[in-house]
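To be precise, the following lines are run_30.cif, and they hold mmCIF, C-alpha atoms.
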data_input
#
loop_
_atom_site.label_atom_id
_atom_site.label_comp_id
_atom_site.auth_asym_id
_atom_site.auth_seq_id
_atom_site.Cartn_x
_atom_site.Cartn_y
_atom_site.Cartn_z
CA MET A 1 140.23 196.65 301.25
CA GLU A 2 141.11 194.85 298.05
CA SER A 3 144.39 193.03 297.72
CA PRO A 4 147.40 195.14 296.71
CA LEU A 5 147.95 192.64 293.90
CA ALA A 6 144.47 193.14 292.46
CA GLN A 7 145.73 196.14 290.49
CA PHE A 8 147.81 193.78 288.34
CA ALA A 9 144.87 191.63 287.27
CA ILE A 10 144.40 191.36 283.53
CA HIS A 11 140.84 191.42 282.25
CA PRO A 12 139.74 191.45 278.63
CA LEU A 13 138.06 194.58 277.30
CA PHE A 14 136.67 192.74 274.28
CA HIS A 15 137.21 189.26 272.92
CA LEU A 16 138.90 188.50 269.65
CA PRO A 17 138.62 184.78 268.86
CA MET A 18 141.15 183.70 266.28
CA ALA A 19 142.15 180.18 265.20
CA GLY A 20 140.81 178.57 268.35
CA TYR A 21 142.54 181.07 270.67
CA ASP A 22 141.05 184.09 272.34
CA LEU A 23 143.36 186.98 271.42
CA ALA A 24 141.45 189.32 273.73
CA PHE A 25 142.22 193.01 273.82
CA THR A 26 142.98 193.44 277.52
CA ASN A 27 143.68 196.36 279.83
CA SER A 28 147.36 195.51 279.34
CA SER A 29 146.97 195.84 275.57
CA LEU A 30 145.25 199.17 276.07
CA ALA A 31 148.15 200.42 278.23
CA MET A 32 150.65 199.30 275.58
CA LEU A 33 148.64 201.01 272.87
CA LEU A 34 148.55 204.21 274.95
CA ALA A 35 152.33 204.12 275.50
CA PHE A 36 152.88 203.48 271.79
CA LEU A 37 150.55 206.30 270.71
CA ALA A 38 152.16 208.69 273.21
CA THR A 39 155.60 207.89 271.80
CA VAL A 40 154.40 208.45 268.25
CA VAL A 41 152.66 211.71 269.15
CA VAL A 42 155.68 213.09 271.05
CA PHE A 43 158.03 212.38 268.17
CA MET A 44 155.67 213.31 265.31
CA VAL A 45 154.61 216.61 266.86
CA GLY A 46 158.01 217.27 268.40
CA THR A 47 159.93 216.96 265.15
CA ARG A 48 157.33 218.59 262.88
CA LYS A 49 158.60 222.15 263.14
CA ALA A 50 162.32 221.39 263.67
CA ALA A 51 162.98 224.89 265.01
CA VAL A 52 166.53 226.07 265.77
CA VAL A 53 165.39 227.07 269.24
CA PRO A 54 163.34 224.01 270.21
CA GLY A 55 159.97 224.22 271.89
CA THR A 56 158.99 222.04 274.84
CA LEU A 57 157.98 218.95 272.92
CA GLN A 58 160.84 219.29 270.45
CA SER A 59 163.43 219.43 273.20
CA VAL A 60 161.85 216.37 274.85
CA ALA A 61 162.07 214.48 271.56
CA GLU A 62 165.58 215.70 270.86
CA SER A 63 166.95 214.91 274.31
CA ILE A 64 165.48 211.39 274.30
CA TYR A 65 166.93 210.79 270.83
CA GLN A 66 170.33 212.14 271.81
CA PHE A 67 170.33 210.20 275.07
CA VAL A 68 169.72 206.89 273.32
CA GLU A 69 172.21 207.74 270.57
CA THR A 70 175.01 208.38 273.09
CA MET A 71 174.05 205.23 274.97
CA VAL A 72 174.22 203.08 271.82
CA GLU A 73 177.49 204.62 270.68
CA ASP A 74 179.21 204.31 274.09
CA ASN A 75 178.05 200.78 274.82
CA ILE A 76 177.80 198.93 271.52
CA GLY A 77 180.53 200.88 269.77
CA HIS A 78 181.15 201.03 266.04
CA GLY A 79 178.79 198.82 264.07
CA GLY A 80 176.16 199.35 266.73
CA ARG A 81 174.18 201.83 264.68
CA HIS A 82 172.09 199.01 263.20
CA PHE A 83 170.70 198.35 266.64
CA PHE A 84 169.77 201.97 267.31
CA PRO A 85 166.11 201.66 266.18
CA LEU A 86 165.65 198.58 268.36
CA ILE A 87 167.19 200.13 271.47
CA PHE A 88 165.24 203.32 270.85
CA ALA A 89 161.98 201.38 270.56
CA ILE A 90 162.71 199.38 273.72
CA PHE A 91 163.69 202.47 275.70
CA THR A 92 160.70 204.63 274.72
CA MET A 93 158.21 201.77 275.14
CA VAL A 94 159.48 200.84 278.61
CA LEU A 95 159.84 204.48 279.66
CA PHE A 96 156.33 205.49 278.62
CA GLY A 97 154.90 202.25 280.01
CA ASN A 98 156.53 202.87 283.39
CA ILE A 99 155.56 206.53 283.58
CA PHE A 100 151.97 206.04 282.40
CA GLY A 101 151.62 203.25 284.94
CA LEU A 102 152.11 205.83 287.68
CA ILE A 103 148.92 207.65 286.67
CA PRO A 104 146.26 206.35 289.08
CA THR A 105 143.87 203.72 287.65
CA ASN A 106 146.18 203.22 284.66
CA PHE A 107 147.62 199.76 284.12
CA THR A 108 151.40 199.17 284.25
CA PHE A 109 152.21 196.61 281.58
CA THR A 110 155.90 196.45 282.58
CA SER A 111 154.84 194.95 285.94
CA HIS A 112 154.19 191.64 284.18
CA ILE A 113 157.14 189.33 283.68
CA VAL A 114 155.57 187.98 280.49
CA VAL A 115 156.04 191.41 278.89
CA THR A 116 159.56 192.11 280.16
CA GLY A 117 160.54 188.48 279.57
CA ALA A 118 159.40 188.66 275.94
CA ILE A 119 161.53 191.75 275.30
CA ALA A 120 164.52 190.26 277.15
CA LEU A 121 164.27 186.95 275.29
CA PHE A 122 164.05 188.81 271.99
CA VAL A 123 167.26 190.70 272.79
CA PHE A 124 168.89 187.45 273.96
CA CYS A 125 168.01 185.60 270.75
CA LEU A 126 169.07 188.59 268.68
CA VAL A 127 172.52 188.52 270.30
CA ILE A 128 172.97 184.88 269.23
CA VAL A 129 171.49 185.30 265.73
CA ALA A 130 173.29 188.56 264.95
CA GLY A 131 176.51 187.27 266.51
CA VAL A 132 176.55 184.13 264.38
CA ALA A 133 175.44 186.04 261.28
CA ARG A 134 178.24 188.59 261.66
CA ASN A 135 181.09 186.42 262.90
CA GLY A 136 180.15 182.88 261.89
CA LEU A 137 181.12 180.11 264.31
CA HIS A 138 183.96 182.31 265.54
CA TRP A 139 181.27 184.08 267.60
CA PHE A 140 181.24 181.16 270.08
CA SER A 141 184.72 182.23 271.17
CA ILE A 142 183.04 184.78 273.49
CA PHE A 143 182.59 181.83 275.87
CA MET A 144 186.35 181.36 275.86
CA PRO A 145 187.82 183.61 278.57
CA SER A 146 191.16 185.10 277.69
CA GLY A 147 194.11 185.33 280.05
CA VAL A 148 193.33 182.35 282.27
CA PRO A 149 195.58 179.30 282.75
CA ALA A 150 194.83 176.36 280.44
CA TYR A 151 193.87 173.94 283.23
CA ILE A 152 191.06 176.21 284.43
CA ILE A 153 189.42 176.64 281.01
CA PRO A 154 187.19 173.50 281.23
CA LEU A 155 185.69 175.07 284.36
CA MET A 156 185.43 178.59 282.97
CA ILE A 157 183.56 177.71 279.78
CA PRO A 158 180.46 176.27 281.55
CA ILE A 159 180.53 179.20 283.95
CA GLU A 160 180.61 181.66 281.07
CA ILE A 161 177.75 179.83 279.36
CA ILE A 162 175.63 179.90 282.52
CA SER A 163 176.43 183.57 282.96
CA PHE A 164 175.29 184.16 279.38
CA LEU A 165 172.09 182.15 279.88
CA SER A 166 171.22 184.07 283.05
CA ARG A 167 171.04 187.37 281.16
CA PRO A 168 167.41 187.28 279.99
CA LEU A 169 166.30 186.28 283.49
CA SER A 170 168.12 189.08 285.28
CA LEU A 171 167.09 191.59 282.61
CA SER A 172 163.39 190.76 282.83
CA VAL A 173 163.14 190.13 286.58
CA ARG A 174 164.84 193.44 287.42
CA LEU A 175 162.29 195.56 285.56
CA PHE A 176 159.22 193.56 286.52
CA ALA A 177 160.17 193.28 290.20
CA ASN A 178 160.90 196.99 290.52
CA MET A 179 157.61 198.01 288.98
CA LEU A 180 155.62 195.40 290.95
CA ALA A 181 157.19 196.31 294.29
CA GLY A 182 156.73 200.05 293.73
CA HIS A 183 153.05 199.74 292.89
CA VAL A 184 152.39 197.37 295.80
CA ILE A 185 153.97 199.88 298.22
CA LEU A 186 151.90 202.73 296.79
CA HIS A 187 148.74 200.65 297.16
CA VAL A 188 149.52 199.57 300.74
CA PHE A 189 150.12 203.14 301.92
CA ALA A 190 147.00 204.34 300.13
CA GLY A 191 145.15 201.54 301.93
CA PHE A 192 146.38 202.88 305.29
CA CYS A 193 144.68 206.20 304.57
CA VAL A 194 141.35 204.49 303.88
CA LEU A 195 141.65 202.28 306.96
CA LEU A 196 142.49 205.16 309.30
CA ALA A 197 139.69 207.35 308.03
CA GLY A 198 137.23 204.47 308.12
CA LEU A 199 138.09 203.24 311.62
CA LEU A 200 138.72 206.48 313.53
CA GLY A 201 136.47 208.95 311.72
CA GLY A 202 137.44 212.63 311.93
CA PHE A 203 140.64 212.08 313.90
CA GLY A 204 141.55 209.30 311.47
CA ILE A 205 141.32 211.67 308.52
CA ILE A 206 143.90 213.97 310.13
CA LEU A 207 146.06 210.97 311.00
CA SER A 208 145.80 209.63 307.45
CA LEU A 209 147.72 212.67 306.22
CA LEU A 210 150.78 210.80 307.44
CA PRO A 211 150.62 207.80 305.06
CA LEU A 212 149.41 210.20 302.38
CA SER A 213 152.58 212.28 302.66
CA VAL A 214 154.65 209.09 302.54
CA ASN A 215 152.80 208.19 299.35
CA VAL A 216 153.57 211.57 297.82
CA ALA A 217 157.25 211.00 298.53
CA PHE A 218 157.03 207.48 297.13
CA MET A 219 155.43 208.84 293.98
CA GLY A 220 158.56 210.91 293.40
CA LEU A 221 160.75 207.90 294.08
CA GLU A 222 158.66 205.78 291.72
CA LEU A 223 159.10 208.38 288.98
CA LEU A 224 162.86 208.06 289.46
CA VAL A 225 162.60 204.27 289.41
CA ALA A 226 160.44 204.36 286.28
CA CYS A 227 163.05 206.37 284.37
CA LEU A 228 166.01 204.54 285.90
CA GLN A 229 164.66 201.08 285.10
CA ALA A 230 163.92 202.06 281.51
CA TYR A 231 167.48 203.35 281.26
CA ILE A 232 168.95 200.20 282.84
CA PHE A 233 166.87 197.93 280.62
CA ALA A 234 168.05 199.77 277.50
CA ILE A 235 171.71 200.02 278.56
CA MET A 236 171.87 196.35 279.53
CA SER A 237 170.42 195.45 276.13
CA CYS A 238 173.20 197.57 274.61
CA ILE A 239 175.88 195.80 276.65
CA TYR A 240 174.51 192.40 275.66
CA LEU A 241 174.30 193.37 272.00
CA ARG A 242 177.91 194.45 272.16
CA ASP A 243 178.79 190.74 272.32
CA ALA A 244 177.19 190.26 268.91
CA VAL A 245 179.26 193.07 267.39
CA ASP A 246 182.78 192.66 268.69
CA VAL A 247 184.10 189.29 269.69
CA HIS A 248 187.68 190.21 270.67
CA HIS A 249 187.70 189.63 274.40
CA MET B 1 184.47 237.73 298.83
CA PRO B 2 187.35 239.98 297.73
CA LEU B 3 186.29 240.24 294.08
CA SER B 4 183.23 242.11 292.84
CA SER B 5 180.32 239.77 292.21
CA ASN B 6 180.47 240.22 288.43
CA GLU B 7 184.13 239.26 288.18
CA SER B 8 183.77 236.35 290.55
CA ASP B 9 180.85 235.11 288.47
CA LYS B 10 183.04 235.22 285.38
CA SER B 11 186.00 233.43 286.94
CA ASP B 12 183.57 230.97 288.49
CA LEU B 13 182.12 230.27 285.08
CA GLU B 14 185.55 229.83 283.54
CA GLU B 15 186.55 227.48 286.30
CA ARG B 16 183.42 225.40 285.86
CA LEU B 17 183.91 225.40 282.08
CA ARG B 18 187.45 224.14 282.51
CA GLN B 19 186.28 221.41 284.84
CA ALA B 20 183.48 220.38 282.51
CA THR B 21 185.94 220.10 279.63
CA GLU B 22 188.26 218.05 281.80
CA ARG B 23 185.43 215.80 282.84
CA GLN B 24 184.43 215.35 279.21
CA THR B 25 187.93 214.23 278.21
CA VAL B 26 188.21 211.87 281.15
CA ARG B 27 184.86 210.36 280.27
CA SER B 28 185.68 209.89 276.61
CA VAL B 29 188.97 208.22 277.52
CA HIS B 30 187.12 205.77 279.74
CA ALA B 31 184.12 205.48 277.44
CA ALA B 32 185.00 202.10 275.94
CA PRO B 33 184.21 199.71 278.85
CA ALA B 34 181.47 201.92 280.33
CA GLN B 35 178.78 199.79 281.96
CA GLY B 36 176.29 202.54 282.57
CA ASP B 37 177.09 205.83 284.16
CA SER B 38 175.03 206.13 287.33
CA SER B 39 176.13 204.43 290.53
CA VAL B 40 172.46 204.18 291.53
CA GLY B 41 171.98 202.06 288.45
CA ILE B 42 174.84 199.77 289.37
CA ALA B 43 173.51 199.33 292.90
CA ALA B 44 170.02 198.61 291.60
CA ARG B 45 171.09 195.84 289.27
CA SER B 46 173.91 194.09 291.14
CA GLY B 47 171.72 191.95 293.41
CA ILE B 48 169.62 190.26 290.75
CA GLU B 49 172.67 189.37 288.62
CA PHE B 50 173.93 187.01 291.29
CA VAL B 51 170.61 185.29 291.94
CA ALA B 52 169.71 184.92 288.26
CA ALA B 53 172.80 182.85 287.48
CA ILE B 54 172.09 180.43 290.35
CA VAL B 55 168.41 180.08 289.43
CA VAL B 56 169.18 179.37 285.76
CA SER B 57 171.96 176.97 286.66
CA VAL B 58 169.96 174.98 289.20
CA GLY B 59 167.08 174.91 286.71
CA ILE B 60 169.34 173.31 284.11
CA GLY B 61 170.66 170.85 286.72
CA PHE B 62 167.14 169.92 287.80
CA ALA B 63 166.04 169.33 284.20
CA ALA B 64 169.15 167.23 283.52
CA ASP B 65 168.46 165.12 286.62
CA HIS B 66 164.86 164.62 285.55
CA TRP B 67 165.86 163.31 282.13
CA LEU B 68 168.93 161.30 283.07
CA HIS B 69 167.64 160.02 286.47
CA THR B 70 170.83 161.10 288.27
CA SER B 71 168.85 162.73 291.03
CA PRO B 72 170.99 164.88 293.30
CA ILE B 73 174.20 165.05 291.24
CA GLY B 74 173.10 167.46 288.51
CA VAL B 75 171.58 169.98 290.90
CA LEU B 76 174.63 169.87 293.18
CA VAL B 77 177.16 170.31 290.38
CA MET B 78 175.13 173.05 288.70
CA LEU B 79 174.61 174.82 292.03
CA VAL B 80 178.37 175.18 292.41
CA LEU B 81 178.79 176.26 288.79
CA GLY B 82 175.89 178.69 289.15
CA PHE B 83 177.49 180.20 292.22
CA GLY B 84 180.64 180.75 290.19
CA ALA B 85 178.68 182.29 287.33
CA GLY B 86 176.84 184.52 289.80
CA LEU B 87 180.13 185.79 291.21
CA LEU B 88 181.37 186.38 287.66
CA ASN B 89 178.22 188.38 286.87
CA LEU B 90 178.64 190.36 290.08
CA TYR B 91 182.30 191.04 289.33
CA ARG B 92 181.47 192.29 285.84
CA THR B 93 178.64 194.49 287.11
CA LEU B 94 180.69 196.06 289.87
CA ASN B 95 183.63 196.58 287.52
CA GLY B 96 181.60 199.45 286.10
CA ILE B 97 182.11 201.44 289.32
CA PRO B 98 185.77 202.52 288.98
CA VAL B 99 185.01 203.97 285.54
CA SER B 100 182.23 206.20 286.77
CA VAL B 101 184.12 207.15 289.94
CA THR B 102 187.12 208.48 288.01
CA SER B 103 184.92 210.32 285.54
CA ARG B 104 182.94 211.92 288.36
CA SER B 105 185.64 212.79 290.90
CA PRO B 106 186.62 216.19 289.41
CA GLY B 107 182.98 217.28 289.52
CA ALA B 108 182.48 216.03 293.08
CA ASN B 109 185.26 218.21 294.49
CA SER B 110 184.41 221.27 292.44
CA PRO B 111 182.77 223.56 295.04
CA VAL B 112 185.75 223.31 297.42
CA ALA B 113 188.29 223.78 294.64
CA ASP B 114 186.38 226.82 293.34
CA ASP B 115 186.42 228.63 296.67
CA ASP B 116 190.11 228.02 297.24
CA GLU B 117 191.15 229.32 293.87
CA ILE B 118 188.98 232.43 294.01
CA ASN B 119 190.05 233.42 297.52
CA GLY B 120 193.73 232.66 296.95
#

So, in terms of structure tokens, how does the structure I just supplied come out?
Amino acid sequence: MESPLAQFAIHPLFHLPMAGYDLAFTNSSLAMLLAFLATVVVFMVGTRKAAVVPGTLQSVAESIYQFVETMVEDNIGHGGRHFFPLIFAIFTMVLFGNIFGLIPTNFTFTSHIVVTGAIALFVFCLVIVAGVARNGLHWFSIFMPSGVPAYIIPLMIPIEIISFLSRPLSLSVRLFANMLAGHVILHVFAGFCVLLAGLLGGFGIILSLLPLSVNVAFMGLELLVACLQAYIFAIMSCIYLRDAVDVHH
Amino acid sequence: MPLSSNESDKSDLEERLRQATERQTVRSVHAAPAQGDSSVGIAARSGIEFVAAIVVSVGIGFAADHWLHTSPIGVLVMLVLGFGAGLLNLYRTLNGIPVSVTSRSPGANSPVADDDEING
């Protein structure tokens, strides 16, 4: 049986040497391209007819759009509309990446911390850049907690800064760890089926229905996790971006 | 049930409509500090918040020690600060719970309330 971590191996599909580096098109790139194309197709086809009574694809497109719109408005507040395209892109990309990763033999690009970390660091840097651009140096007052006694402020400011710095880590690790753990569990239980059937023959095949049914249940759970983690990733980005918009704490 | 099924359906619908409207107003009142609506979401992300602050903090302390040759001091100080930051993160994450509990409580009791009002 191959290692449960072998499914996360990245291998190049074709090489693309450029400026001394090999910018290979890998299976991860292919999965990202698939997720991107699926998003484009859903929204292009879904919004083409714009019927009053929406069809299947149109209601999928509309409900995703409305979902993200409410999320941005509730969590970033007024002045958050500039960030809507970004949050929408992050949400759809992560959502389709997670869900497509559940299709057997398909690669899950969100199970790599380099992918989730890149998105999280982008959001993190955007909070600083947009915060300073909108509020000037006054933005740094978000590290100044309000309503605490003066003698405790020298302690609170470093704590607030550390809390701020820990955001990209918690944002990226949460998504990557959830996807990694889910796929490892699915692989391990699938491996039980193969082992039982291989070792015990006919009786083993009947017995292997047990881990198989567990896997079916886990598949449902993983579908929930895939949607939930995309939602959490997007909503946490919203909450972080809120700091760039309003500074009155 | 004392009422005919048609009438009870109608009053049931009206009751549910009233509750949905109520829930909507409660939610919009509490909308400002909302930190995500689902309690599953809060549970899923509370653990990592605590650990992330400590890891980042100790990382900074370790790097500072490496550059300034103050071996254990930086890590020790930053460990304590990181613990504080982790608790702060945790506190902020869990603060989202009361909001979603108040906005959900009318819906959670609805089946019981429905029956009582129809029968009485």

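Counting from atom CA of Val245 of chain A, the distance to atom CA of Ile142 of chain A is 11.0 Å.
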
Compile the residues of chain A that lie within 9 Å of chain B, evaluated using all atoms listed in the file, and express the compilation as an mmCIF file with C-alpha atoms, in the frame of the given file.
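Everything below was put into iface.cif:
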data_model
loop_
_atom_site.group_PDB
_atom_site.id
_atom_site.type_symbol
_atom_site.label_atom_id
_atom_site.label_comp_id
_atom_site.auth_asym_id
_atom_site.auth_seq_id
_atom_site.Cartn_x
_atom_site.Cartn_y
_atom_site.Cartn_z
ATOM 1 C CA MET A 71 174.050 205.230 274.970
ATOM 2 C CA ASP A 74 179.210 204.310 274.090
ATOM 3 C CA ASN A 75 178.050 200.780 274.820
ATOM 4 C CA GLY A 77 180.530 200.880 269.770
ATOM 5 C CA LEU A 155 185.690 175.070 284.360
ATOM 6 C CA MET A 156 185.430 178.590 282.970
ATOM 7 C CA PRO A 158 180.460 176.270 281.550
ATOM 8 C CA ILE A 159 180.530 179.200 283.950
ATOM 9 C CA GLU A 160 180.610 181.660 281.070
ATOM 10 C CA ILE A 161 177.750 179.830 279.360
ATOM 11 C CA ILE A 162 175.630 179.900 282.520
ATOM 12 C CA SER A 163 176.430 183.570 282.960
ATOM 13 C CA PHE A 164 175.290 184.160 279.380
ATOM 14 C CA LEU A 165 172.090 182.150 279.880
ATOM 15 C CA SER A 166 171.220 184.070 283.050
ATOM 16 C CA ARG A 167 171.040 187.370 281.160
ATOM 17 C CA PRO A 168 167.410 187.280 279.990
ATOM 18 C CA LEU A 169 166.300 186.280 283.490
ATOM 19 C CA SER A 170 168.120 189.080 285.280
ATOM 20 C CA LEU A 171 167.090 191.590 282.610
ATOM 21 C CA VAL A 173 163.140 190.130 286.580
ATOM 22 C CA ARG A 174 164.840 193.440 287.420
ATOM 23 C CA LEU A 228 166.010 204.540 285.900
ATOM 24 C CA GLN A 229 164.660 201.080 285.100
ATOM 25 C CA TYR A 231 167.480 203.350 281.260
ATOM 26 C CA ILE A 232 168.950 200.200 282.840
ATOM 27 C CA ILE A 235 171.710 200.020 278.560
ATOM 28 C CA MET A 236 171.870 196.350 279.530
ATOM 29 C CA ILE A 239 175.880 195.800 276.650
#

For this session: List the residues matched by the PyMOL selection byres ((chain A and resi 7) around 10) in the displayed structure as a PyMOL selection string, ordered by chain and then by residue number.
Result: chain A and resi 2-6+8-10+105-108+180+183-184+187

Exercise. So which residues touch Val216 of chain A within 12 Å, counting all atoms listed in the file, skipping near sequence neighbours fewer than 2 positions away, as a list in words?
Worked result: Leu102, Ile185, Leu186, His187, Phe189, Ala190, Leu209, Leu210, Pro211, Leu212, Ser213, Val214, Phe218, Met219, Gly220, Leu221, Glu222 and Leu223 of chain A

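Atom CA of Leu195 of chain A is found 14.7 Å from atom CA of Asn215 of chain A.
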
Problem set entry | Residues selected by the PyMOL selection byres ((chain A and resi 28-34) around 9), written as JSON, numbers by chain | {"A": [10, 11, 12, 13, 24, 25, 26, 27, 35, 36, 37, 38, 39, 93, 96, 97, 100, 101, 106, 107, 108, 109]}

Can you list, as an mmCIF file with C-alpha atoms, keeping the file's coordinate frame, the residues that the PyMOL selection byres ((chain A and resi 116-126) around 7) selects here?
data_model
loop_
_atom_site.group_PDB
_atom_site.id
_atom_site.type_symbol
_atom_site.label_atom_id
_atom_site.label_comp_id
_atom_site.auth_asym_id
_atom_site.auth_seq_id
_atom_site.Cartn_x
_atom_site.Cartn_y
_atom_site.Cartn_z
ATOM 1 C CA THR A 110 155.900 196.450 282.580
ATOM 2 C CA HIS A 112 154.190 191.640 284.180
ATOM 3 C CA ILE A 113 157.140 189.330 283.680
ATOM 4 C CA VAL A 114 155.570 187.980 280.490
ATOM 5 C CA VAL A 115 156.040 191.410 278.890
ATOM 6 C CA VAL A 127 172.520 188.520 270.300
ATOM 7 C CA ILE A 128 172.970 184.880 269.230
ATOM 8 C CA VAL A 129 171.490 185.300 265.730
ATOM 9 C CA ALA A 130 173.290 188.560 264.950
ATOM 10 C CA PRO A 168 167.410 187.280 279.990
ATOM 11 C CA LEU A 171 167.090 191.590 282.610
ATOM 12 C CA SER A 172 163.390 190.760 282.830
ATOM 13 C CA LEU A 175 162.290 195.560 285.560
ATOM 14 C CA PHE A 176 159.220 193.560 286.520
ATOM 15 C CA SER A 237 170.420 195.450 276.130
#

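Distance-wise, atom CA of Val247 of chain A and atom CA of Val148 of chain A end up 17.1 Å apart.
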
Segment 48-63 of chain B, all listed atoms, 5 Å padding on each side: what axis-aligned box centre and edge lengths in Å to one decimal come out, as AutoDock Vina command-line options?
--center_x 170.0 --center_y 179.8 --center_z 288.0 --size_x 17.9 --size_y 30.9 --size_z 17.8

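Closest approach to Phe84 of chain A from the set A:Val72, A:Ile153, A:Leu196, A:Val42 is made by A:Val72, with distances taken over all atoms listed in the file.
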
Problem set entry | Ref. answer, residues at most 6 Å from (143.6, 209.2, 309.4) with all atoms listed in the file, as a VMD selection string | chain A and resid 193 196 to 197 204 to 208

For this session: Tell me, as an MDAnalysis selection string, which residues lie within 8 Å of Ile87 of chain A, counting only C-alpha atoms; anything in the same chain fewer than 4 positions away does not count.
Result: chainID A and resid 68 72 83 91 234 237:238
